[in-house]
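Q: Here you go, this is my_file32.cif (mmCIF, C-alpha atoms).
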```
data_final
loop_
_atom_site.label_atom_id
_atom_site.label_comp_id
_atom_site.auth_asym_id
_atom_site.auth_seq_id
_atom_site.Cartn_x
_atom_site.Cartn_y
_atom_site.Cartn_z
CA MET A 230 39.08 99.25 180.40
CA LYS A 231 42.42 100.97 179.99
CA SER A 232 44.36 97.72 180.49
CA LEU A 233 42.06 95.89 178.06
CA PHE A 234 42.86 98.51 175.42
CA LEU A 235 46.58 98.16 176.16
CA LEU A 236 46.42 94.36 175.89
CA SER A 237 44.55 94.57 172.57
CA PHE A 238 47.14 97.02 171.24
CA ILE A 239 50.05 94.72 172.23
CA TRP A 240 48.28 91.72 170.68
CA LEU A 241 47.62 93.62 167.44
CA THR A 242 51.21 94.89 167.03
CA HIS A 243 52.56 91.42 167.84
CA THR A 244 50.25 89.82 165.26
CA ILE A 245 51.21 92.36 162.56
CA SER A 246 54.96 91.92 163.15
CA PHE A 247 54.61 88.11 163.17
CA ALA A 248 52.68 88.23 159.86
CA GLN A 249 55.35 90.47 158.30
CA SER A 250 58.14 88.18 159.48
CA THR A 251 56.35 85.11 158.06
CA GLU A 252 55.83 86.91 154.74
CA ALA A 253 59.52 87.90 154.63
CA ASP A 254 60.63 84.34 155.41
CA GLN A 255 58.94 83.05 152.23
CA LEU A 256 62.32 83.77 150.64
CA LEU A 257 63.99 80.99 152.63
CA GLY A 258 64.74 77.82 150.71
CA VAL A 259 66.90 76.48 147.90
CA TRP A 260 66.71 78.23 144.51
CA GLU A 261 68.13 77.54 141.06
CA PRO A 262 69.21 80.32 138.65
CA SER A 263 68.06 80.08 135.02
CA ASN A 264 71.44 78.76 133.76
CA GLY A 265 71.13 75.70 136.08
CA LYS A 266 74.84 75.92 136.98
CA ALA A 267 74.28 76.30 140.72
CA ARG A 268 71.78 76.03 143.56
CA VAL A 269 71.57 78.74 146.18
CA LYS A 270 70.21 78.33 149.70
CA ILE A 271 68.71 81.52 151.11
CA GLU A 272 68.92 81.78 154.90
CA LYS A 273 68.37 84.44 157.54
CA ILE A 274 71.15 85.84 159.71
CA GLY A 275 69.96 88.44 162.22
CA GLU A 276 67.22 90.32 160.36
CA LYS A 277 68.81 90.01 156.91
CA TYR A 278 68.76 87.41 154.15
CA TYR A 279 71.79 85.74 152.55
CA GLY A 280 72.13 83.21 149.74
CA LYS A 281 74.97 80.71 149.61
CA ILE A 282 75.91 78.27 146.87
CA VAL A 283 75.16 74.73 148.07
CA TRP A 284 75.51 72.86 144.79
CA LEU A 285 77.50 73.34 141.59
CA LYS A 286 76.85 71.53 138.33
CA GLU A 287 80.60 71.49 137.71
CA PRO A 288 82.23 71.61 141.15
CA ILE A 289 85.76 70.80 139.94
CA ASP A 290 88.01 73.30 138.17
CA PRO A 291 89.27 71.47 135.04
CA ASN A 292 92.55 73.44 135.16
CA THR A 293 93.49 72.39 138.70
CA GLY A 294 91.47 69.21 139.27
CA GLN A 295 90.48 70.75 142.63
CA PRO A 296 87.13 72.12 143.89
CA LYS A 297 86.42 75.53 142.34
CA VAL A 298 87.54 78.61 144.27
CA ASP A 299 86.80 82.31 143.93
CA LYS A 300 89.75 82.88 141.57
CA ASN A 301 88.35 86.14 140.14
CA ASN A 302 87.95 87.94 143.47
CA PRO A 303 89.42 91.47 143.17
CA ASP A 304 90.91 90.95 146.66
CA ALA A 305 93.76 88.52 145.86
CA SER A 306 93.94 87.41 149.51
CA LEU A 307 90.47 85.87 149.19
CA ARG A 308 91.01 83.86 146.01
CA THR A 309 91.20 80.56 147.89
CA VAL A 310 87.61 80.92 149.19
CA PRO A 311 85.70 77.87 147.89
CA LEU A 312 82.74 78.54 145.59
CA LYS A 313 80.71 75.84 147.30
CA GLY A 314 79.36 77.64 150.33
CA TYR A 315 79.99 81.09 148.83
CA ARG A 316 77.49 83.76 149.94
CA MET A 317 76.68 85.34 146.58
CA LEU A 318 73.52 87.11 147.84
CA LYS A 319 74.12 89.39 150.81
CA ASP A 320 72.37 91.77 153.20
CA PHE A 321 68.79 91.74 151.86
CA LYS A 322 66.06 93.36 153.93
CA TYR A 323 62.35 92.83 153.43
CA LEU A 324 60.60 95.88 152.04
CA GLY A 325 57.06 94.47 152.00
CA GLY A 326 55.05 93.59 148.90
CA ASN A 327 57.18 90.48 148.23
CA GLN A 328 60.34 92.53 147.63
CA TRP A 329 63.76 92.35 149.30
CA ASP A 330 66.21 95.18 148.74
CA ASN A 331 69.47 96.83 149.91
CA GLY A 332 71.43 93.70 149.03
CA THR A 333 74.14 92.72 146.58
CA ILE A 334 74.77 89.84 144.21
CA TYR A 335 78.26 88.57 143.41
CA ASP A 336 79.11 87.02 140.05
CA PRO A 337 82.02 84.60 140.59
CA GLU A 338 82.56 84.32 136.83
CA ASN A 339 83.91 87.89 136.65
CA GLY A 340 84.47 88.84 140.30
CA SER A 341 81.94 91.69 140.16
CA THR A 342 79.42 92.71 142.80
CA TYR A 343 76.17 94.38 141.79
CA LYS A 344 73.36 96.02 143.71
CA CYS A 345 70.38 93.73 143.66
CA ILE A 346 66.64 93.64 144.27
CA ILE A 347 64.63 90.43 144.67
CA LYS A 348 60.94 90.20 143.73
CA MET A 349 58.89 87.08 144.41
CA THR A 350 56.47 86.78 141.51
CA ASP A 351 54.85 83.61 142.87
CA ASN A 352 55.65 81.15 145.70
CA ASN A 353 58.24 79.36 143.55
CA THR A 354 59.68 82.12 141.32
CA LEU A 355 62.09 84.97 142.01
CA ASP A 356 63.07 87.85 139.75
CA ILE A 357 66.65 88.64 140.71
CA ARG A 358 67.67 92.00 139.25
CA GLY A 359 71.34 92.98 139.41
CA TYR A 360 72.32 96.52 138.48
CA ILE A 361 74.98 99.20 138.66
CA GLY A 362 73.81 102.65 139.74
CA VAL A 363 70.13 102.74 138.84
CA GLU A 364 67.77 99.76 138.78
CA ALA A 365 66.64 100.55 135.24
CA LEU A 366 70.15 99.74 133.97
CA GLY A 367 70.31 96.13 134.99
CA ARG A 368 69.57 92.53 134.10
CA THR A 369 66.93 90.23 135.55
CA ASP A 370 67.37 86.51 136.01
CA VAL A 371 64.51 84.19 136.94
CA TRP A 372 65.22 81.72 139.73
CA LYS A 373 63.03 78.71 140.54
CA ARG A 374 62.49 77.11 143.94
CA LEU A 375 63.95 73.63 144.07
CA ASN A 376 61.31 72.01 146.31
CA LEU A 377 58.16 73.54 144.88
CA LYS A 378 55.63 74.99 147.34
CA LYS A 379 51.94 74.58 146.63
CA MET B 2 105.44 139.28 158.40
CA LYS B 3 105.68 138.25 162.08
CA HIS B 4 101.87 138.06 162.34
CA TYR B 5 101.73 135.99 159.18
CA PHE B 6 104.25 133.53 160.59
CA LEU B 7 102.34 133.29 163.91
CA LEU B 8 99.05 132.69 162.11
CA LEU B 9 100.59 130.00 159.93
CA SER B 10 102.10 128.26 162.97
CA ALA B 11 98.77 128.35 164.81
CA ALA B 12 96.96 126.91 161.77
CA LEU B 13 99.53 124.13 161.47
CA ILE B 14 99.22 123.22 165.18
CA LEU B 15 95.43 123.21 164.89
CA LEU B 16 95.50 121.04 161.79
CA THR B 17 97.91 118.48 163.20
CA SER B 18 96.08 118.24 166.55
CA CYS B 19 92.70 117.75 164.81
CA GLY B 20 94.03 115.12 162.44
CA GLU B 21 95.99 113.13 165.00
CA SER B 22 95.18 109.44 164.69
CA SER B 23 96.07 106.55 166.94
CA LYS B 24 96.15 102.82 166.36
CA LYS B 25 95.27 100.18 168.92
CA THR B 26 94.49 96.49 168.91
CA TYR B 27 90.99 95.34 169.87
CA THR B 28 90.71 91.70 170.87
CA MET B 29 87.78 89.31 171.07
CA ASN B 30 88.84 86.28 173.10
CA ASP B 31 87.18 82.93 173.77
CA ILE B 32 84.27 83.58 171.45
CA ASN B 33 82.06 80.47 171.22
CA LEU B 34 81.00 79.97 167.62
CA THR B 35 78.14 77.51 167.46
CA ALA B 36 76.06 75.63 164.88
CA GLU B 37 73.01 73.63 165.89
CA GLY B 38 72.82 70.05 164.67
CA PRO B 39 71.95 68.11 162.66
CA LEU B 40 74.76 69.20 160.35
CA PHE B 41 75.15 67.96 156.78
CA ASP B 42 78.19 67.36 154.59
CA GLY B 43 79.26 70.71 153.14
CA PRO B 44 79.48 74.29 154.40
CA ASN B 45 77.73 74.82 157.76
CA THR B 46 77.36 78.14 159.56
CA LEU B 47 78.67 78.69 163.10
CA GLN B 48 77.63 81.98 164.68
CA ALA B 49 78.39 84.19 167.64
CA THR B 50 77.49 87.73 168.62
CA HIS B 51 79.80 90.20 170.29
CA ILE B 52 78.98 93.54 171.90
CA ILE B 53 81.63 96.07 170.97
CA ASP B 54 83.27 97.72 173.97
CA LEU B 55 84.73 100.99 172.72
CA ASN B 56 86.06 101.74 176.20
CA ALA B 57 88.44 98.82 175.79
CA ILE B 58 90.10 100.78 172.96
CA GLU B 59 90.15 104.15 174.70
CA PRO B 60 88.04 105.40 177.62
CA ASN B 61 85.05 107.45 176.39
CA LEU B 62 85.78 106.70 172.73
CA LYS B 63 82.78 107.40 170.47
CA ALA B 64 81.94 105.29 167.42
CA ASP B 65 82.30 108.29 165.08
CA GLN B 66 85.95 108.72 166.15
CA ILE B 67 86.85 105.38 164.53
CA GLU B 68 88.46 105.84 161.11
CA ALA B 69 89.41 102.33 160.01
CA VAL B 70 89.23 98.73 161.23
CA LYS B 71 91.15 95.74 159.90
CA LEU B 72 91.18 92.14 161.05
CA ILE B 73 94.79 91.22 161.73
CA LYS B 74 94.50 87.80 163.38
CA ALA B 75 91.89 85.06 163.53
CA ASN B 76 92.52 81.83 165.46
CA ILE B 77 90.04 78.99 165.72
CA SER B 78 90.49 76.15 168.20
CA THR B 79 88.65 73.07 169.39
CA PRO B 80 88.99 70.88 172.49
CA ASP B 81 87.63 67.93 170.47
CA SER B 82 90.03 64.98 170.24
CA ILE B 83 89.54 64.67 166.45
CA GLY B 84 90.61 68.29 166.05
CA PHE B 85 89.70 69.68 162.64
CA ASN B 86 90.17 66.36 160.81
CA ASN B 87 86.62 66.54 159.40
CA ILE B 88 86.90 70.16 158.21
CA ARG B 89 87.85 70.96 154.61
CA ASN B 90 88.02 74.75 154.93
CA PHE B 91 86.98 77.77 157.01
CA VAL B 92 85.66 81.15 155.86
CA LEU B 93 85.06 83.95 158.37
CA GLN B 94 82.62 86.81 157.85
CA LEU B 95 81.36 89.69 159.98
CA THR B 96 78.04 91.49 159.78
CA SER B 97 75.70 93.62 161.89
CA SER B 98 72.15 94.91 161.67
CA ASP B 99 73.04 98.13 159.83
CA ALA B 100 76.31 97.22 158.13
CA LYS B 101 77.17 95.03 155.18
CA MET B 102 78.58 91.55 155.58
CA GLU B 103 82.35 91.48 155.03
CA LYS B 104 84.42 88.40 154.27
CA VAL B 105 87.49 88.81 156.47
CA ALA B 106 89.53 85.59 156.50
CA VAL B 107 89.89 82.17 154.90
CA LEU B 108 91.78 78.92 155.41
CA ASN B 109 91.58 76.45 152.52
CA PRO B 110 92.52 73.68 152.94
CA VAL B 111 92.60 72.96 156.68
CA GLU B 112 95.50 70.65 157.51
CA LYS B 113 94.84 67.43 159.41
CA ASN B 114 95.77 66.66 163.03
CA LEU B 115 95.45 70.23 164.26
CA LYS B 116 93.38 71.54 167.17
CA GLU B 117 94.14 75.19 166.49
CA VAL B 118 94.40 77.00 163.16
CA THR B 119 95.13 80.54 162.04
CA LEU B 120 93.03 81.91 159.19
CA ASN B 121 94.54 84.16 156.52
CA PRO B 122 93.06 87.66 156.90
CA SER B 123 91.79 89.60 153.90
CA ALA B 124 94.12 92.38 152.81
CA GLU B 125 91.31 94.70 151.76
CA SER B 126 88.25 94.14 153.97
CA GLU B 127 87.26 97.28 155.87
CA LEU B 128 85.17 96.83 159.01
CA LEU B 129 84.55 100.47 159.95
CA ASP B 130 80.78 100.27 159.39
CA ASN B 131 80.53 97.11 161.49
CA PHE B 132 82.44 98.65 164.39
CA GLN B 133 80.10 101.65 164.40
CA GLN B 134 77.26 99.33 165.46
CA LYS B 135 76.64 98.13 169.01
CA GLU B 136 76.80 94.45 168.16
CA ILE B 137 78.69 92.35 165.64
CA ILE B 138 77.70 88.92 164.33
CA LEU B 139 80.64 86.61 163.61
CA ILE B 140 79.92 83.93 161.02
CA LEU B 141 82.28 81.03 160.54
CA ASP B 142 81.51 78.78 157.60
CA ALA B 143 82.99 75.35 158.22
CA ASP B 144 82.97 72.92 155.30
CA ILE B 145 82.31 69.63 157.07
CA GLU B 146 83.06 66.13 155.75
CA GLY B 147 80.11 63.84 156.51
CA ASP B 148 76.87 64.37 158.42
CA SER B 149 76.55 64.84 162.17
CA GLU B 150 73.60 64.82 164.58
CA ASN B 151 75.39 66.96 167.16
CA ASN B 152 75.83 70.66 167.72
CA LEU B 153 79.26 72.05 166.88
CA THR B 154 81.15 74.67 168.90
CA TYR B 155 84.59 76.13 168.18
CA GLN B 156 86.44 78.84 170.09
CA GLY B 157 87.64 81.95 168.28
CA ASN B 158 90.24 84.55 169.20
CA PHE B 159 90.34 87.63 167.00
CA GLU B 160 92.48 90.74 166.81
CA PHE B 161 91.56 93.95 164.99
CA GLU B 162 93.65 97.02 164.29
CA ILE B 163 91.59 100.11 165.10
CA THR B 164 92.57 103.53 163.76
CA TYR B 165 90.79 106.35 165.54
CA LYS B 166 90.83 110.12 165.97
CA LYS B 167 91.99 111.34 169.35
#
```
Could you write out this structure as structure tokens?

A:
Amino acid sequence: MKSLFLLSFIWLTHTISFAQSTEADQLLGVWEPSNGKARVKIEKIGEKYYGKIVWLKEPIDPNTGQPKVDKNNPDASLRTVPLKGYRMLKDFKYLGGNQWDNGTIYDPENGSTYKCIIKMTDNNTLDIRGYIGVEALGRTDVWKRLNLKK
Amino acid sequence: MKHYFLLLSAALILLTSCGESSKKTYTMNDINLTAEGPLFDGPNTLQATHIIDLNAIEPNLKADQIEAVKLIKANISTPDSIGFNNIRNFVLQLTSSDAKMEKVAVLNPVEKNLKEVTLNPSAESELLDNFQQKEIILILDADIEGDSENNLTYQGNFEFEITYKK
């Protein structure tokens, strides 16, 4: 009887953690910000989520004729990092309730990093809110999934 | 006056002994960074994990004694006969479960006909939080020309400068 209880407990905790992990992994996929200038692939490394640029509408810098690089990075030693492949979303953890937090978003157009929270409003839509200090003082952008899920 | 001088001397000795810092190099050698195929044209992620051995820096060193960590050298090599001819650029990052991801080195472009390259370390990246964890994840983004069905493995040798309290 005791071992049956133990087995049921292990099964239940395993099922709950599997369900949570599946829910968290809904974030994986390729997403497009509202300005349509880039596409970002969100992937999982360890237990955290990261988004890297996999496509740019204008991949070539008109001033150099070369693929765009992170020329606005405040760390001058990293200004040759290519924008294609750049991890602009970093270190997100799943909070539950279709929200991922504790991460940052990098804006390559001005070299600034902001705190960020991601909310999935439906299977194919993300509210990406970047902010400095408190969440109330921020800006939300709506991202759409590239390969729509039903 | 004599007592005052003695007290001041004692305070100075105490202060300097408490604040004494040392620097040592921590190396990670022959790290296999791997990406599972199929791989597609563009940036692909090679990964490896490394368990930090604080005893290799100083016997009985505790994580909270570490004050600063900088990457000072990052070498990537391959035994493959084509070398890095199909690689456009490399970007190296470090992360761990309870520390932020840090971009630590880049090489763009990668020259042709080489089997070993040295990445340029970031001047500002600080890895203290990562070295206070048990395990570090090394992430090498390799921008690959063309698709490939196969797995990809490169070897990495890394050196870090560790500043710690004695």

Q: Which chain A residues are at most 7 Å from chain B (counting all atoms listed in the file), as a ChimeraX atom specification?

A: /A:275-276,304,306-307,309-310,314,319-320

Q: Exactly which residues make up the result of the PyMOL selection byres ((chain A and resi 377) around 12) on this file, given as JSON, numbers by chain?

A: {"A": [258, 259, 260, 261, 351, 352, 353, 354, 372, 373, 374, 375, 376, 378, 379]}

Q: For the file shown, report as a ChimeraX atom specification the outcome of the PyMOL selection byres ((chain B and resi 134) around 12) at residue level.

A: /B:51-55,63-65,67,95-101,128-133,135-138

Q: As a check of understanding, name the residues that the PyMOL selection byres ((chain B and resi 36) around 8) selects in the supplied structure, as a list in words.

A: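 Applying the PyMOL selection byres ((chain B and resi 36) around 8) to the structure shown produces Leu34, Thr35, Glu37, Gly38, Leu40, Asn45, Thr46, Leu47, Gln48, Asn152, Leu153 and Thr154 of chain B.
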
Q: Interatomic distance between atom CA of Val283 of chain A and atom CA of Leu324 of chain A?

A: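 It comes out at 26.0 Å.
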
Q: First collect every listed atom of segment 256-272 of chain A; then fit an axis-aligned box around them, widen it by 8 Å on each side, and give centre and edge lengths in Å to one decimal, as lines of an AutoDock Vina configuration file.

A:
```
center_x = 68.6
center_y = 79.7
center_z = 144.3
size_x = 28.5
size_y = 24.1
size_z = 37.1
```

Q: As an exercise, work out the distance from atom CA of Lys266 of chain A to atom CA of Glu252 of chain A in Å and give it to one decimal place.

A: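 Result for atom CA of Lys266 of chain A versus atom CA of Glu252 of chain A: 28.2 Å, one decimal.
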
Q: What does the structure give for the distance between atom CA of Arg268 of chain A and atom CA of Glu364 of chain A, in Å to one decimal?

A: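 Value for the atom CA of Arg268 of chain A-atom CA of Glu364 of chain A distance: 24.5 Å.
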
Q: Would you list the contacts of Phe161 of chain B as a PDB file with C-alpha atoms, in the frame of the given file, taking every protein, DNA or RNA residue within 6 Å and counting only C-alpha atoms, but skipping same-chain residues closer than 5 positions in sequence?

A:
```pdb
ATOM      1  CA  THR B  26      94.490  96.490 168.910  1.00  0.00           C
ATOM      2  CA  TYR B  27      90.990  95.340 169.870  1.00  0.00           C
ATOM      3  CA  LYS B  71      91.150  95.740 159.900  1.00  0.00           C
ATOM      4  CA  LEU B  72      91.180  92.140 161.050  1.00  0.00           C
ATOM      5  CA  ILE B  73      94.790  91.220 161.730  1.00  0.00           C
TER       6      ILE B  73
END
```

Q: Taking only C-alpha atoms into account, which of A:Gln328, A:Gln295, A:Pro303, A:Ile334 comes nearest Lys281 of chain A?

A: A:Ile334

Q: Skip Gly326 of chain A itself and residues of its chain fewer than 4 positions away, then list as a list in words all residues within 12 Å of it, counting all atoms listed in the file.

A: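 My reading of the contact set: Gln249, Glu252, Ala253, Gln255, Asp330, Ile347, Lys348, Met349, Thr350 and Asp351 of chain A.
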
Q: Within 10 Å of Ser78 of chain B, counting all atoms listed in the file, which residues show up once you throw out same-chain ones fewer than 2 positions away? Write them as a PyMOL selection string, please.

A: chain B and resi 31+33+76+80-81+84-85+115-119+154-158

Q: Find the spatial neighbours of Tyr360 of chain A, counting all atoms listed in the file, within a cut-off of 8 Å - ignore same-chain residues fewer than 5 positions away - and output them as a PyMOL selection string.

A: chain A and resi 343-345+365-368
